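Next comes protein37.txt, with compact mmCIF, C-alpha atoms and all ligand atoms.
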```txt
# COMPACT_ATOMS: atom_id res chain seq x y z
CA MET A 1 22.05 -7.16 -39.53
CA ARG A 2 22.19 -3.42 -40.19
CA LYS A 3 18.81 -1.82 -39.58
CA PRO A 4 17.68 0.47 -42.44
CA PHE A 5 17.57 4.15 -41.50
CA ILE A 6 15.44 6.64 -43.43
CA ILE A 7 15.98 10.30 -42.59
CA ALA A 8 14.21 13.48 -43.67
CA ASN A 9 16.58 16.44 -43.80
CA TRP A 10 14.28 19.44 -43.73
CA LYS A 11 17.15 21.93 -43.82
CA MET A 12 15.80 25.45 -43.07
CA HIS A 13 12.21 24.61 -44.06
CA LYS A 14 9.21 24.18 -41.74
CA ASN A 15 8.62 26.26 -38.63
CA ILE A 16 7.51 24.78 -35.29
CA GLU A 17 3.82 24.64 -36.21
CA GLU A 18 4.50 23.00 -39.57
CA SER A 19 6.92 20.50 -38.02
CA VAL A 20 4.42 19.40 -35.38
CA ALA A 21 1.60 19.19 -37.94
CA PHE A 22 3.76 16.97 -40.17
CA ILE A 23 4.41 14.54 -37.30
CA ASN A 24 0.68 14.37 -36.58
CA GLN A 25 0.08 13.46 -40.22
CA ILE A 26 2.60 10.62 -40.37
CA LYS A 27 3.00 9.11 -36.93
CA ASP A 28 0.35 6.40 -37.26
CA TYR A 29 1.67 5.13 -40.60
CA LEU A 30 5.33 4.51 -39.82
CA PRO A 31 7.00 1.11 -40.23
CA ARG A 32 7.67 -1.01 -37.13
CA ALA A 33 10.75 -0.11 -35.10
CA VAL A 34 12.09 -3.67 -35.41
CA ASP A 35 12.19 -3.32 -39.20
CA GLU A 36 13.47 0.19 -39.73
CA GLU A 37 14.59 3.38 -38.02
CA VAL A 38 12.98 6.63 -39.15
CA GLY A 39 14.10 10.16 -38.27
CA ILE A 40 13.54 13.81 -39.06
CA ALA A 41 16.30 16.41 -38.98
CA ALA A 42 14.64 19.77 -38.34
CA GLN A 43 15.56 23.29 -37.34
CA ALA A 44 16.85 23.38 -33.76
CA ILE A 45 14.01 25.52 -32.47
CA ALA A 46 11.40 22.90 -33.44
CA LEU A 47 13.16 19.88 -31.92
CA SER A 48 11.78 20.08 -28.40
CA SER A 49 8.15 20.46 -29.53
CA MET A 50 8.64 17.65 -32.03
CA ASN A 51 10.04 15.42 -29.33
CA GLN A 52 6.85 15.80 -27.29
CA MET A 53 4.87 14.51 -30.27
CA VAL A 54 6.84 11.33 -30.94
CA GLN A 55 6.45 9.52 -27.64
CA GLY A 56 5.66 5.91 -28.54
CA ALA A 57 6.15 6.45 -32.29
CA ASN A 58 9.01 5.00 -34.36
CA LEU A 59 10.46 8.42 -35.10
CA LYS A 60 13.80 9.89 -34.01
CA ILE A 61 14.33 13.60 -33.66
CA ILE A 62 17.57 14.71 -35.30
CA ALA A 63 19.49 18.00 -35.11
CA GLN A 64 21.18 19.39 -38.22
CA ASN A 65 24.24 20.78 -36.46
CA ALA A 66 25.84 21.31 -33.04
CA ALA A 67 28.68 23.34 -31.59
CA SER A 68 32.21 22.02 -31.24
CA GLU A 69 32.22 22.86 -27.50
CA LEU A 70 29.74 21.86 -24.82
CA THR A 71 29.54 25.15 -22.90
CA GLY A 72 31.22 28.54 -22.99
CA PRO A 73 31.27 31.94 -24.66
CA TYR A 74 30.03 30.88 -28.13
CA THR A 75 27.21 33.30 -28.88
CA GLY A 76 24.60 31.88 -31.20
CA GLU A 77 25.83 28.28 -31.05
CA ILE A 78 23.79 25.28 -29.85
CA SER A 79 25.48 22.73 -27.61
CA ALA A 80 24.98 18.98 -28.05
CA ARG A 81 24.30 19.04 -24.29
CA SER A 82 21.16 21.10 -24.89
CA LEU A 83 20.19 18.85 -27.79
CA ALA A 84 20.40 15.80 -25.50
CA ASP A 85 18.26 17.67 -23.01
CA ALA A 86 15.63 18.34 -25.70
CA GLY A 87 15.33 14.59 -26.45
CA VAL A 88 17.44 14.62 -29.61
CA SER A 89 18.87 11.17 -30.49
CA TYR A 90 21.15 12.02 -33.40
CA VAL A 91 22.93 15.05 -34.82
CA MET A 92 23.96 15.47 -38.45
CA LEU A 93 27.50 16.82 -38.70
CA GLY A 94 29.53 17.94 -41.69
CA HIS A 95 26.68 18.17 -44.18
CA LEU A 96 27.82 19.43 -47.57
CA GLU A 97 25.97 22.72 -47.02
CA ARG A 98 27.78 23.24 -43.69
CA ARG A 99 31.11 22.63 -45.44
CA ARG A 100 30.27 24.74 -48.47
CA LEU A 101 28.33 27.68 -47.04
CA PHE A 102 29.75 27.87 -43.52
CA HIS A 103 33.30 26.76 -44.30
CA GLU A 104 33.38 23.90 -41.82
CA ASP A 105 36.50 21.82 -42.25
CA ASN A 106 37.42 18.32 -41.09
CA GLN A 107 39.01 19.62 -37.89
CA THR A 108 35.89 21.55 -36.81
CA ILE A 109 33.64 18.62 -37.70
CA ASN A 110 35.94 16.30 -35.75
CA GLN A 111 35.57 18.53 -32.66
CA LYS A 112 31.79 18.50 -33.10
CA VAL A 113 31.77 14.70 -33.42
CA CYS A 114 33.78 14.37 -30.17
CA ALA A 115 31.53 16.86 -28.33
CA ALA A 116 28.32 15.09 -29.45
CA ILE A 117 29.65 11.67 -28.44
CA LYS A 118 30.34 12.98 -24.91
CA THR A 119 26.66 13.89 -24.49
CA GLY A 120 25.27 10.61 -25.85
CA VAL A 121 23.85 12.25 -29.00
CA THR A 122 24.92 10.01 -31.90
CA PRO A 123 26.62 11.74 -34.84
CA ILE A 124 25.45 11.13 -38.39
CA ILE A 125 28.63 12.12 -40.20
CA CYS A 126 28.17 13.32 -43.77
CA THR A 127 30.90 13.00 -46.36
CA ASP A 128 30.81 13.95 -50.01
CA ASP A 129 32.68 12.75 -53.04
CA LYS A 130 36.20 13.85 -52.15
CA MET A 131 38.02 10.55 -52.40
CA VAL A 132 41.75 10.10 -52.70
CA GLN A 133 43.67 7.08 -53.91
CA ALA A 134 45.96 5.69 -51.26
CA PRO A 135 48.07 2.56 -50.92
CA VAL A 136 46.72 0.26 -48.19
CA LYS A 137 48.55 -2.99 -47.52
CA GLY A 138 50.33 -2.78 -50.85
CA LYS A 139 47.14 -2.22 -52.91
CA ILE A 140 45.66 1.02 -54.18
CA HIS A 141 42.33 1.83 -52.55
CA TYR A 142 40.04 4.79 -52.68
CA VAL A 143 40.03 6.37 -49.25
CA PHE A 144 37.58 8.95 -48.08
CA ASP A 145 40.05 11.49 -46.81
CA GLN A 146 37.29 13.35 -44.97
CA LEU A 147 36.52 10.26 -42.90
CA LYS A 148 40.04 10.00 -41.56
CA GLY A 149 39.91 13.67 -40.60
CA VAL A 150 36.51 13.72 -38.94
CA LEU A 151 37.09 10.49 -37.00
CA LYS A 152 40.54 11.46 -35.74
CA GLY A 153 41.05 10.41 -32.12
CA VAL A 154 37.55 8.89 -31.83
CA ASN A 155 37.62 5.64 -29.86
CA PRO A 156 36.65 2.61 -32.04
CA LYS A 157 33.97 1.80 -29.43
CA ASP A 158 32.36 5.14 -30.29
CA VAL A 159 33.03 4.86 -34.04
CA GLN A 160 30.88 1.75 -34.14
CA LYS A 161 27.89 3.76 -32.91
CA VAL A 162 28.10 6.56 -35.47
CA VAL A 163 26.18 6.61 -38.73
CA LEU A 164 27.98 7.69 -41.92
CA SER A 165 26.57 9.10 -45.08
CA TYR A 166 27.76 9.53 -48.64
CA GLU A 167 26.32 12.51 -50.48
CA PRO A 168 27.96 13.28 -53.83
CA SER A 169 28.04 17.07 -54.20
CA TRP A 170 26.55 16.97 -57.73
CA ALA A 171 23.47 15.04 -56.55
CA VAL A 172 22.53 17.11 -53.48
CA GLY A 173 19.77 19.60 -54.25
CA SER A 174 20.29 19.06 -57.98
CA LYS A 175 18.07 17.96 -60.87
CA GLN A 176 20.34 15.01 -61.47
CA SER A 177 18.59 11.99 -60.14
CA ALA A 178 20.62 9.62 -57.98
CA ASN A 179 21.95 6.55 -59.69
CA PRO A 180 21.70 3.44 -57.46
CA LEU A 181 25.05 2.11 -58.72
CA VAL A 182 26.80 5.36 -57.85
CA ALA A 183 25.23 5.20 -54.39
CA GLN A 184 26.46 1.63 -53.97
CA GLU A 185 29.97 2.46 -55.19
CA GLY A 186 30.34 5.40 -52.78
CA CYS A 187 28.95 3.53 -49.78
CA SER A 188 31.07 0.45 -50.44
CA ARG A 189 34.21 2.58 -50.71
CA ILE A 190 33.39 4.23 -47.40
CA ARG A 191 32.95 0.76 -45.89
CA GLN A 192 36.31 -0.25 -47.35
CA THR A 193 37.90 2.83 -45.80
CA ILE A 194 36.37 1.95 -42.41
CA GLU A 195 37.64 -1.61 -42.77
CA ASN A 196 41.16 -0.33 -43.47
CA LEU A 197 41.01 1.93 -40.44
CA TYR A 198 39.09 -0.18 -37.90
CA GLY A 199 38.82 -3.75 -39.21
CA LYS A 200 36.18 -5.93 -40.85
CA VAL A 201 33.80 -6.42 -37.92
CA LEU A 202 33.28 -2.72 -37.35
CA ALA A 203 33.00 -2.11 -41.11
CA ASN A 204 30.32 -4.78 -41.41
CA ASN A 205 28.28 -3.30 -38.57
CA ILE A 206 28.47 0.43 -39.27
CA ARG A 207 25.51 1.97 -41.09
CA ILE A 208 26.21 3.98 -44.24
CA LEU A 209 23.49 6.10 -45.82
CA TYR A 210 23.23 7.67 -49.24
CA GLY A 211 21.92 11.19 -49.87
CA GLY A 212 21.27 13.24 -53.01
CA SER A 213 18.02 13.54 -55.00
CA VAL A 214 16.33 10.55 -53.38
CA ASN A 215 12.59 10.47 -54.14
CA PRO A 216 9.63 8.05 -54.00
CA GLU A 217 10.48 6.72 -57.48
CA ASN A 218 14.14 5.85 -56.92
CA ILE A 219 14.28 4.95 -53.21
CA ALA A 220 13.53 1.23 -53.55
CA THR A 221 16.33 0.56 -56.05
CA ILE A 222 18.78 2.65 -54.00
CA MET A 223 17.86 0.78 -50.81
CA ALA A 224 18.29 -2.54 -52.65
CA GLN A 225 22.06 -1.89 -52.95
CA PRO A 226 24.02 -4.10 -50.54
CA ASP A 227 26.13 -1.35 -48.95
CA VAL A 228 23.40 1.29 -48.72
CA ASP A 229 21.78 1.06 -45.28
CA GLY A 230 19.55 4.08 -45.53
CA VAL A 231 18.98 7.47 -47.11
CA LEU A 232 19.05 11.14 -46.26
CA ILE A 233 16.24 12.86 -48.11
CA GLY A 234 16.04 16.61 -48.63
CA ARG A 235 13.41 18.09 -50.97
CA ALA A 236 11.26 14.98 -51.33
CA SER A 237 10.86 14.69 -47.55
CA LEU A 238 8.94 17.96 -47.23
CA SER A 239 5.67 16.39 -48.34
CA ALA A 240 4.09 14.06 -45.75
CA PRO A 241 2.54 11.66 -48.34
CA ASP A 242 5.87 11.39 -50.20
CA PHE A 243 7.80 10.84 -46.97
CA LEU A 244 5.37 8.09 -45.99
CA LYS A 245 5.82 6.43 -49.38
CA MET A 246 9.59 6.52 -48.85
CA VAL A 247 9.65 5.19 -45.29
CA ASN A 248 7.49 2.35 -46.56
CA TRP A 249 9.93 1.63 -49.43
CA GLN A 250 10.03 -2.08 -48.56
CA GLN A 251 6.53 -2.46 -50.00
CA ALA A 252 7.68 -0.80 -53.25
CA LEU A 253 10.78 -3.01 -53.33
CA SER A 254 8.72 -6.17 -53.21
CA LYS A 255 6.98 -4.92 -56.37
CA VAL A 256 10.32 -4.11 -58.12
CA MET A 257 11.94 -7.48 -57.34
P1 LIG B 301 18.14 16.45 -51.70
O1 LIG B 301 19.05 16.80 -50.40
O2 LIG B 301 17.42 15.18 -51.40
O3 LIG B 301 17.23 17.63 -51.84
O4 LIG B 301 19.10 16.31 -52.86
C1 LIG B 301 19.74 15.78 -49.74
C2 LIG B 301 20.50 16.32 -48.54
O5 LIG B 301 20.98 17.45 -48.57
O6 LIG B 301 20.63 15.63 -47.51
```

Mind turning the file's structure into structure tokens?
Amino acid sequence: MRKPFIIANWKMHKNIEESVAFINQIKDYLPRAVDEEVGIAAQAIALSSMNQMVQGANLKIIAQNAASELTGPYTGEISARSLADAGVSYVMLGHLERRRLFHEDNQTINQKVCAAIKTGVTPIICTDDKMVQAPVKGKIHYVFDQLKGVLKGVNPKDVQKVVLSYEPSWAVGSKQSANPLVAQEGCSRIRQTIENLYGKVLANNIRILYGGSVNPENIATIMAQPDVDGVLIGRASLSAPDFLKMVNWQQALSKVM
């Protein structure tokens, strides 16, 4: 069984005080850890203070980026080693905005993935809609080219721990609301790509999230899709009441079904 994973991606919003206040507002209303994993990806400077607030709560602290090296002369970078030290469980790597605005390519993201794995911080690897058709075992499949690049040289034992996400570029930060069928299609094609690369067992176990204009109204139908194991939420996660509605999506789903 793949445990659902709901993540707030706060991007460059919320300072330390606002981040801590948000956690205080939500921490007593989170779902049980056996049912769902919940996390917040915040600015690096807030992570340590946030971590002190979540002891005993079902809430993971997530970094939005990390360096491709663990130590050295890289002024301004933040090492996954320091993230681990600050109590960070996961790090998002290769988000669309990192690719688009900071020109990160598959090779750089691959180095970051390898560095994070060495420190025990689990990568959440974001991919967008750049699919290519490729023949696999005589049949034409859609293959997420980015996945092959960012997972290059990663041991299958480590691949099974990572979390993947599908975020179509037209849906991230846009007015276009996410369509559950598009989310399902993208996530199932990523799973197919993982199956082609690493086999069925790993593909069945790996968690694949969807991101792009998720909100309290559409989350339940997106989460109802068989290959969608969770969501990355940007704008709608900035409000504590809305985030609480979304982490408790299972209640809304029981009304929809
Ligand atoms: P959005 O952002 O929910 O504001 O579209 C999603 C993301 O960037 O992860």

Restrict the calculation to all atoms listed in the file, then for each residue of chain A with any atom at most 9 Å from an atom of ligand LIG 301 (chain B) give the closest atom pair and their distance in Å to one decimal, rows by chain and rising residue number, as JSON lines.
```
{"residue": "A:Ile7", "atom": "CA", "partner": "B:LIG301", "partner_atom": "O6", "distance": 8.6}
{"residue": "A:Ala8", "atom": "CA", "partner": "B:LIG301", "partner_atom": "O6", "distance": 7.8}
{"residue": "A:Asn9", "atom": "CA", "partner": "B:LIG301", "partner_atom": "O6", "distance": 5.6}
{"residue": "A:Trp10", "atom": "CA", "partner": "B:LIG301", "partner_atom": "O6", "distance": 8.3}
{"residue": "A:Lys11", "atom": "CA", "partner": "B:LIG301", "partner_atom": "O5", "distance": 7.6}
{"residue": "A:His95", "atom": "CA", "partner": "B:LIG301", "partner_atom": "O5", "distance": 7.2}
{"residue": "A:Leu96", "atom": "CA", "partner": "B:LIG301", "partner_atom": "O5", "distance": 7.2}
{"residue": "A:Glu97", "atom": "CA", "partner": "B:LIG301", "partner_atom": "O5", "distance": 7.4}
{"residue": "A:Cys126", "atom": "CA", "partner": "B:LIG301", "partner_atom": "O6", "distance": 8.7}
{"residue": "A:Glu167", "atom": "CA", "partner": "B:LIG301", "partner_atom": "O6", "distance": 7.1}
{"residue": "A:Trp170", "atom": "CA", "partner": "B:LIG301", "partner_atom": "O4", "distance": 8.9}
{"residue": "A:Ala171", "atom": "CA", "partner": "B:LIG301", "partner_atom": "O4", "distance": 5.9}
{"residue": "A:Val172", "atom": "CA", "partner": "B:LIG301", "partner_atom": "O4", "distance": 3.6}
{"residue": "A:Gly173", "atom": "CA", "partner": "B:LIG301", "partner_atom": "O4", "distance": 3.6}
{"residue": "A:Ser174", "atom": "CA", "partner": "B:LIG301", "partner_atom": "O4", "distance": 5.9}
{"residue": "A:Lys175", "atom": "CA", "partner": "B:LIG301", "partner_atom": "O4", "distance": 8.2}
{"residue": "A:Gln176", "atom": "CA", "partner": "B:LIG301", "partner_atom": "O4", "distance": 8.8}
{"residue": "A:Ser177", "atom": "CA", "partner": "B:LIG301", "partner_atom": "O4", "distance": 8.5}
{"residue": "A:Ala178", "atom": "CA", "partner": "B:LIG301", "partner_atom": "O4", "distance": 8.6}
{"residue": "A:Tyr210", "atom": "CA", "partner": "B:LIG301", "partner_atom": "O6", "distance": 8.6}
{"residue": "A:Gly211", "atom": "CA", "partner": "B:LIG301", "partner_atom": "C1", "distance": 5.1}
{"residue": "A:Gly212", "atom": "CA", "partner": "B:LIG301", "partner_atom": "O4", "distance": 3.8}
{"residue": "A:Ser213", "atom": "CA", "partner": "B:LIG301", "partner_atom": "O4", "distance": 3.7}
{"residue": "A:Val214", "atom": "CA", "partner": "B:LIG301", "partner_atom": "O2", "distance": 5.2}
{"residue": "A:Asn215", "atom": "CA", "partner": "B:LIG301", "partner_atom": "O2", "distance": 7.3}
{"residue": "A:Val231", "atom": "CA", "partner": "B:LIG301", "partner_atom": "O6", "distance": 8.3}
{"residue": "A:Leu232", "atom": "CA", "partner": "B:LIG301", "partner_atom": "O6", "distance": 4.9}
{"residue": "A:Ile233", "atom": "CA", "partner": "B:LIG301", "partner_atom": "O2", "distance": 4.2}
{"residue": "A:Gly234", "atom": "CA", "partner": "B:LIG301", "partner_atom": "O2", "distance": 3.4}
{"residue": "A:Arg235", "atom": "CA", "partner": "B:LIG301", "partner_atom": "O3", "distance": 3.9}
{"residue": "A:Ala236", "atom": "CA", "partner": "B:LIG301", "partner_atom": "O2", "distance": 6.2}
{"residue": "A:Ser237", "atom": "CA", "partner": "B:LIG301", "partner_atom": "O2", "distance": 7.6}
```

Asp28 (chain A) environment, 10 Å, all atoms listed in the file, sequence neighbours closer than 3 positions dropped, as a list in words:
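With the cut-off at 10 Å, the set is Ile23, Asn24, Gln25, Pro31, Ala57 and Asn58 of chain A.
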
If you measure from CA of Ala115 (chain A) to CA of Ser19 (chain A), what distance in Å do you get, rounded to one decimal?
26.7 Å

What lies within 8 Å of region 154-158 of chain A using all atoms listed in the file, ignoring chain neighbours under 4 positions off, as a ChimeraX atom specification?
/A:114,117,162,198

Atoms kept (C-alpha atoms) for selection, written as a PDB file, keeping the file's coordinate frame:
```pdb
ATOM      1  CA  CYS A 114      33.780  14.370 -30.170  1.00  0.00           C
ATOM      2  CA  ILE A 117      29.650  11.670 -28.440  1.00  0.00           C
ATOM      3  CA  VAL A 162      28.100   6.560 -35.470  1.00  0.00           C
ATOM      4  CA  TYR A 198      39.090  -0.180 -37.900  1.00  0.00           C
TER       5      TYR A 198
END
```

Quick one: residues within 10 Å of Ala46 (chain A), only C-alpha atoms counted, chain neighbours fewer than 5 positions away excluded, as a PyMOL selection string?
chain A and resi 14-20+41+51+61+63+86

Saved selection, atoms kept: C-alpha atoms, as a PDB file, in the coordinates of the input:
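Below is the file that was written, selection00.pdb:
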```
ATOM      1  CA  LYS A  14       9.210  24.180 -41.740  1.00  0.00           C
ATOM      2  CA  ASN A  15       8.620  26.260 -38.630  1.00  0.00           C
ATOM      3  CA  ILE A  16       7.510  24.780 -35.290  1.00  0.00           C
ATOM      4  CA  GLU A  17       3.820  24.640 -36.210  1.00  0.00           C
ATOM      5  CA  GLU A  18       4.500  23.000 -39.570  1.00  0.00           C
ATOM      6  CA  SER A  19       6.920  20.500 -38.020  1.00  0.00           C
ATOM      7  CA  VAL A  20       4.420  19.400 -35.380  1.00  0.00           C
ATOM      8  CA  ALA A  41      16.300  16.410 -38.980  1.00  0.00           C
ATOM      9  CA  ASN A  51      10.040  15.420 -29.330  1.00  0.00           C
ATOM     10  CA  ILE A  61      14.330  13.600 -33.660  1.00  0.00           C
ATOM     11  CA  ALA A  63      19.490  18.000 -35.110  1.00  0.00           C
ATOM     12  CA  ALA A  86      15.630  18.340 -25.700  1.00  0.00           C
TER      13      ALA A  86
END
```

Pick the closest to Leu93 (chain A) from A:Lys27, A:Val34, A:Met12, A:Ile124: which is it, counting all atoms listed in the file?
A:Ile124

Would you write out, as a tab-separated table, a table of all residues in region 30-50 of chain A that have an atom no more than 9 Å from an atom of region 244-252 of chain A, listing for each the closest atom pair and the distance in Å to one decimal, considering only C-alpha atoms and ordering rows by chain and rising residue number?
```
residue	atom	partner	partner_atom	distance
A:Leu30	CA	A:Val247	CA	7.0
A:Pro31	CA	A:Asn248	CA	6.5
A:Glu36	CA	A:Val247	CA	8.4
A:Glu37	CA	A:Val247	CA	9.0
A:Val38	CA	A:Val247	CA	7.1
```

To one decimal place in Å, what is the distance between CA of Tyr166 (chain A) and CA of Cys187 (chain A)?
6.2 Å

For Val88 (chain A), which residue out of A:Gln55, A:Asn106, A:Thr122, A:Gln111 is the nearest one, using all atoms listed in the file?
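Ranked by minimum distance to Val88 (chain A), first place goes to A:Thr122.
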